[in-house]
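Everything below concerns the one structure shown next.
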Amino acid sequence: MKQVVKVRLLPTAEQASALHATLRTCNEAASWLSARMHSGQVWRKHDAQKHWYGELRDRFGLSAQPAIRVIGKVADAYTTLRANLRAGNYGQPGSVRRRTVEDTPIRFRPDAAQPFDLRCLSWQLPELGRDGTVSIWTVAGRMRNLRLVGNPAHLTLLRHAGVVGESDLVHRGGQWLLHAVVDTPEAALRNDPDGFLGVDLGIVNIATTSDGDRMSGAHLNRYRKRQHRIRRRLQAKKTSSARRLLRKRRRAEARFAADMNHRISKNIVAEAERTGRGIAVEDLTGIRARVRLRKPQRATLHSWSFAQLGQFLRYKARRVGVAFVQVDPAYTSQTCHLCGHVDKKNRRSQASFVCGRCGFVGHADYNAALNIAQRGVVCWGEVMRPDAAPTLAAS
């Protein structure tokens, strides 16, 4: 299982200057290459390397592997952009926004992250402790003995699992970071979980389980409303200092939400592991495009990390061998989990569910979580035994 590990670098003033110059040069090279790929309608890494590899190295003084990493970064950026265009995320064909995106080459910020592979970056980590050093390529030459510190658990992963793929050099908020991908072992998966713990995700209650536990989003929503008011005041100033504060507050808000998602996912996975169950959640892909809400609710919807909580649940579950499935969310909030009656009138309010057929009364999110648990059983049966009827029980 792939996992991203973050460590902090502690460069001297001289080392920091070389790192700044390296990011600046690599991103200037990326923007230069992006303009040529855009004008020539060349999108594949192999084709870009064939056309501009030599000129890129000569013009910007890059070594072989850093030049290839720059080409890969630009090609990946266009792959993502073209996928978003195909998905309609920039509007319909012919719209002003879409034409602007299509007609404008991608530009890279001077301090945008730069990927390095193991030929450009090596790790020196002692057996114990929370620090170590790295050796990294820079435009000023190979930099050795660049000190790093990190979470002891993350450094243990780096020591024993090893880095796979690329590591990103990141400069953010005055700090230097390395984001490394490690391959961590997965626990043996239970073939027959004892039912499924359904998890309904929402705005008022971030997560509600089929056991009836609710993780309220009130604290997060109050925090974000306050941040939204502050952002509006700062945006109105239109000054450089206001923009810097905006970036700082966005990062703080993201950290706040990530910490809350970590704690929620940890508790849910621990409960599923303790009771021998799997975890079933809604497949919320494209929810922002599907859901229609009033303007105040839209701001909350678009700022909440739907995908992140799902990712945390998935990787934490896989790490301890808990089964994890995503189910179709259609009508889970309108369906009675007891009799299966589907009617939008069943959901009387955000919190209240009253079945028009059997008379079941309960919290709407709890009812939805029970439906998700039932669908998890069916989904697991289809995945593990596609020709057999599911025999597990929802929880």
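Letters A, B, ... go to the chains of the structure tokens in the order shown; residues in each chain start at 1; ligands are counted from 1 in the same order.
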Selection near range 106-111 of chain A, 8 Å with only C-alpha atoms, sequence-local residues under 3 positions removed, as a list in words: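 In the requested format, the answer is His20, Leu23, Arg24, Thr25, Asn27, Glu28, Ala30, Ser31, Ser34, Ala35, Ala77, Tyr78, Val170 and His171 of chain A.
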One-decimal distance in Å that lies between CA of Glu273 in chain A and CA of Arg318 in chain A: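 Distance reported for this atom pair: 10.8 Å.
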Who sits within 9 Å of range 147-152 of chain A, only C-alpha atoms, same chain under 6 positions skipped, as a list in words: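 Neighbouring residues, sequence-local ones excluded: Lys6, Val7, Arg8, Leu9, Leu10, Pro11, Thr12, Leu128, Gly129, Arg130, Asp131, Gly132, Thr133, Val134, Leu177 and Leu178 of chain A.
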Nearest to Leu81 in chain A, chosen from A:Arg244, A:Arg98, A:Lys344, A:Lys266, with only C-alpha atoms counted in the distances: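 Looking only at the distances to Leu81 in chain A, the closest residue turns out to be A:Arg98.
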Gap from CA of Glu102 in chain A to CA of Leu33 in chain A - Å, one decimal: 16.4 Å
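Proximity ranking of A:Asp200, A:Glu14, A:Asp183, A:Glu253 relative to Ala161 in chain A places A:Asp183 first, based on only C-alpha atoms.
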Within 9 Å of Tyr90 in chain A using only C-alpha atoms, minus same-chain residues under 6 positions, as a list in words: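 Listed by chain and then number, they are Asn84, Arg97, Arg98, Arg99 and Val101 of chain A.
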From A:Asp343, A:Ala18, A:Phe256, A:Tyr366, residue lying nearest Arg144 in chain A [only C-alpha atoms]: A:Ala18
Residue with smallest distance to Ile264 in chain A - pool A:Trp32, A:Phe312, A:Phe196, A:Phe306, counting only C-alpha atoms: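 Answer, going by the shortest atom-to-atom distance: A:Phe312.
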Range 322-331 of chain A environment, 6 Å, only C-alpha atoms, sequence neighbours closer than 4 positions dropped, as a PyMOL selection string: chain A and resi 278-283+317-318+335
Residues flagged strand (DSSP E or B) by DSSP in range 110-242 of chain A, as a PyMOL selection string: chain A and resi 114-116+121-124+131-138+141-149+163-172+175-183+196-201+205-209+214-216
Could you turn the residues from that selection into a file that holds C-alpha atoms, as a short mmCIF file (atom, residue, chain, number, x, y, z; two decimals), in the first residue's frame?
```cif
data_model
loop_
_atom_site.label_atom_id
_atom_site.label_comp_id
_atom_site.auth_asym_id
_atom_site.auth_seq_id
_atom_site.Cartn_x
_atom_site.Cartn_y
_atom_site.Cartn_z
CA GLN A 114 9.62 19.76 -7.75
CA PRO A 115 9.80 15.94 -7.93
CA PHE A 116 13.08 14.05 -7.43
CA LEU A 121 17.89 12.30 -3.78
CA SER A 122 19.25 9.86 -1.19
CA TRP A 123 18.33 9.37 2.47
CA GLN A 124 20.61 8.81 5.46
CA ASP A 131 16.11 13.13 12.55
CA GLY A 132 18.50 12.28 9.73
CA THR A 133 19.99 13.81 6.60
CA VAL A 134 19.44 13.76 2.85
CA SER A 135 21.67 14.35 -0.14
CA ILE A 136 19.92 16.18 -2.96
CA TRP A 137 20.74 17.57 -6.40
CA THR A 138 20.67 21.37 -6.73
CA GLY A 141 25.80 20.99 -7.20
CA ARG A 142 25.07 18.01 -5.00
CA MET A 143 24.02 19.15 -1.51
CA ARG A 144 25.00 16.74 1.26
CA ASN A 145 24.16 16.58 4.96
CA LEU A 146 20.88 18.47 4.63
CA ARG A 147 19.26 17.87 8.01
CA LEU A 148 15.70 16.59 8.35
CA VAL A 149 13.29 15.93 11.22
CA VAL A 163 10.97 5.19 -0.69
CA VAL A 164 9.31 4.20 -3.96
CA GLY A 165 8.78 6.49 -6.92
CA GLU A 166 9.40 10.20 -6.55
CA SER A 167 9.77 12.57 -3.60
CA ASP A 168 8.54 16.17 -3.87
CA LEU A 169 10.60 19.11 -2.61
CA VAL A 170 8.07 21.61 -1.21
CA HIS A 171 8.54 25.16 0.09
CA ARG A 172 5.47 26.34 1.98
CA GLN A 175 9.27 25.75 5.68
CA TRP A 176 11.09 23.23 3.50
CA LEU A 177 9.46 19.80 3.26
CA LEU A 178 9.96 16.50 1.48
CA HIS A 179 6.88 14.45 0.57
CA ALA A 180 8.01 10.87 -0.01
CA VAL A 181 5.95 7.87 -1.16
CA VAL A 182 6.63 4.65 0.75
CA ASP A 183 5.25 1.15 0.21
CA PHE A 196 -20.43 -3.98 7.95
CA LEU A 197 -20.31 -0.69 9.82
CA GLY A 198 -22.14 1.82 7.61
CA VAL A 199 -20.90 5.42 7.57
CA ASP A 200 -23.07 8.29 6.32
CA LEU A 201 -21.12 11.46 5.52
CA ASN A 205 -22.90 15.60 11.08
CA ILE A 206 -19.57 14.89 9.44
CA ALA A 207 -20.03 11.15 9.96
CA THR A 208 -22.85 9.02 11.37
CA THR A 209 -22.38 5.27 11.84
CA ARG A 214 -22.62 10.84 15.34
CA MET A 215 -19.54 13.02 14.81
CA SER A 216 -20.91 16.55 14.76
#
```
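Here CA of Leu370 in chain A is placed at a distance of 4.8 Å from CA of Ser210 in chain A.
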Pick from A:Leu118, A:Cys339, A:Ala236, A:Ala29, whichever lies nearest to Tyr53 in chain A using only C-alpha atoms: A:Ala29
